[in-house]
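One structure is given here, and the rest of the page talks about it.
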Amino acid sequence: MVRLHGKWCGPNWTANQVKPAKDATKRDRKVRCNDALDCACKQHDLDIADLGEPTFASDTRLMRKAQAIINNPLYAITNPRMYAAAFVVRDSMNLVRWTRAR
């Protein structure tokens, strides 16, 4: 378990608790995200819960959403923790997505 950011970002960190994304419950789905990156991570986790496993497509979507945050320099000032975490999420997804079935 690694809590990277917010309530949804990090391996086995789902809905603000130690839990694999594939095990997310209906109650977990109601847990609100904190910001744009956390919402992107939430959607990624819910994709995994719905599909039963992570996919190349879901990892790519999260990577692109993290890149969009990085591309907005205002986040470096208004939400520096999210901005910094977006680099980790982008780079992690860019690496791990190649291990997924396509």
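Every chain in the structure tokens has a letter given in the order shown (A, B, ...), and although residue numbers restart at 1 in each chain, ligands are simply numbered from 1 in the order shown.
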As a PyMOL selection string, please: every residue in chain A that a backbone DSSP assignment puts in strand (DSSP E). chain A and resi 13-14+17-18
Using only C-alpha atoms, which protein or nucleic acid residues come within 12 Å of region 78-85 of chain A? Drop anything in the same chain fewer than 2 positions from it, and give the result as a short mmCIF file (atom, residue, chain, number, x, y, z; two decimals) with C-alpha atoms, in the first residue's frame.
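In the end it all went to out08.cif:
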data_model
loop_
_atom_site.label_atom_id
_atom_site.label_comp_id
_atom_site.auth_asym_id
_atom_site.auth_seq_id
_atom_site.Cartn_x
_atom_site.Cartn_y
_atom_site.Cartn_z
CA ARG A 3 -0.92 6.46 -0.49
CA LEU A 4 0.34 8.81 -3.11
CA HIS A 5 -2.29 11.54 -3.15
CA GLY A 6 -5.78 12.15 -1.85
CA CYS A 9 -4.19 7.77 -5.79
CA GLY A 10 -1.77 4.98 -5.02
CA ASN A 34 -10.28 15.95 -3.36
CA ASP A 35 -9.15 17.52 -6.63
CA ALA A 36 -8.61 16.90 -10.35
CA LEU A 37 -5.86 14.32 -9.90
CA ASP A 38 -7.73 12.49 -7.16
CA CYS A 39 -10.83 12.38 -9.41
CA ALA A 40 -8.73 10.93 -12.24
CA CYS A 41 -7.37 8.28 -9.86
CA MET A 63 -1.57 9.13 -17.56
CA LYS A 65 -5.18 13.31 -17.20
CA ALA A 66 -2.05 13.63 -15.05
CA GLN A 67 -0.24 15.17 -18.03
CA ALA A 68 -3.06 17.71 -18.45
CA ILE A 69 -2.53 18.78 -14.83
CA ILE A 70 1.21 19.10 -15.42
CA ASN A 71 0.53 21.20 -18.52
CA ASN A 72 -1.32 23.78 -16.43
CA PRO A 73 1.38 25.76 -14.55
CA LEU A 74 -1.23 27.43 -12.33
CA TYR A 75 -1.53 24.16 -10.42
CA ALA A 76 2.12 24.53 -9.37
CA PHE A 87 4.39 13.73 -12.24
CA VAL A 88 4.59 10.50 -10.23
CA VAL A 89 1.22 9.29 -11.53
CA ARG A 90 2.07 10.13 -15.13
CA ASP A 91 5.45 8.42 -15.02
CA SER A 92 4.15 5.38 -13.13
#
If you count only C-alpha atoms, the residue of A:Phe56, A:Leu62, A:Trp98, A:Trp8 closest to Pro20 (chain A) turns out to be A:Trp8
Contacts of Ala49 (chain A) within 8 Å, only C-alpha atoms, excl. fewer than 3 positions in-chain, as an MDAnalysis selection string: chainID A and resid 21:24 45:46 52:53
Please return, as a PyMOL selection string, all residues of region 26-69 of chain A that DSSP assigns to alpha helix (DSSP H) on the basis of the backbone. chain A and resi 26-29+36-51+56-69
Can you write out the residues you just picked, keeping C-alpha atoms, as an mmCIF file, in the first residue's frame?
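Contents of the output file selection_0.cif:
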data_model
loop_
_atom_site.group_PDB
_atom_site.id
_atom_site.type_symbol
_atom_site.label_atom_id
_atom_site.label_comp_id
_atom_site.auth_asym_id
_atom_site.auth_seq_id
_atom_site.Cartn_x
_atom_site.Cartn_y
_atom_site.Cartn_z
ATOM 1 C CA LYS A 26 -20.858 0.581 -3.917
ATOM 2 C CA ARG A 27 -20.172 2.431 -0.688
ATOM 3 C CA ASP A 28 -16.589 3.143 -1.772
ATOM 4 C CA ARG A 29 -17.881 4.695 -5.000
ATOM 5 C CA ALA A 36 -8.612 16.901 -10.354
ATOM 6 C CA LEU A 37 -5.856 14.320 -9.901
ATOM 7 C CA ASP A 38 -7.729 12.488 -7.159
ATOM 8 C CA CYS A 39 -10.826 12.377 -9.410
ATOM 9 C CA ALA A 40 -8.727 10.931 -12.239
ATOM 10 C CA CYS A 41 -7.371 8.281 -9.862
ATOM 11 C CA LYS A 42 -10.895 7.536 -8.659
ATOM 12 C CA GLN A 43 -12.094 6.961 -12.212
ATOM 13 C CA HIS A 44 -9.093 4.699 -12.824
ATOM 14 C CA ASP A 45 -9.892 2.677 -9.691
ATOM 15 C CA LEU A 46 -13.555 2.375 -10.664
ATOM 16 C CA ASP A 47 -12.561 1.245 -14.164
ATOM 17 C CA ILE A 48 -10.500 -1.503 -12.526
ATOM 18 C CA ALA A 49 -13.400 -2.425 -10.223
ATOM 19 C CA ASP A 50 -15.774 -2.649 -13.192
ATOM 20 C CA LEU A 51 -13.393 -4.601 -15.425
ATOM 21 C CA PHE A 56 -3.688 -0.409 -21.007
ATOM 22 C CA ALA A 57 -6.552 1.954 -21.906
ATOM 23 C CA SER A 58 -7.412 2.866 -18.307
ATOM 24 C CA ASP A 59 -3.750 3.433 -17.439
ATOM 25 C CA THR A 60 -3.344 5.602 -20.539
ATOM 26 C CA ARG A 61 -6.399 7.703 -19.612
ATOM 27 C CA LEU A 62 -4.994 8.327 -16.128
ATOM 28 C CA MET A 63 -1.571 9.133 -17.558
ATOM 29 C CA ARG A 64 -3.111 11.691 -19.941
ATOM 30 C CA LYS A 65 -5.181 13.311 -17.196
ATOM 31 C CA ALA A 66 -2.048 13.625 -15.054
ATOM 32 C CA GLN A 67 -0.236 15.168 -18.027
ATOM 33 C CA ALA A 68 -3.058 17.707 -18.453
ATOM 34 C CA ILE A 69 -2.534 18.779 -14.830
#
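Put simply, CA of Val2 (chain A) is 25.0 Å away from CA of Ile77 (chain A).
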Between CA of Asn94 (chain A) and CA of Asn12 (chain A), distance in Å (one decimal):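 One can read the CA of Asn94 (chain A) to CA of Asn12 (chain A) distance as 18.0 Å.
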Go through A:Arg102, A:Thr25, A:Pro54, A:Ala86 and flag the residue nearest Pro11 (chain A), using only C-alpha atoms for the distances. A:Pro54
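The space separating CA of Lys7 (chain A) from CA of Cys33 (chain A) comes to 6.2 Å.
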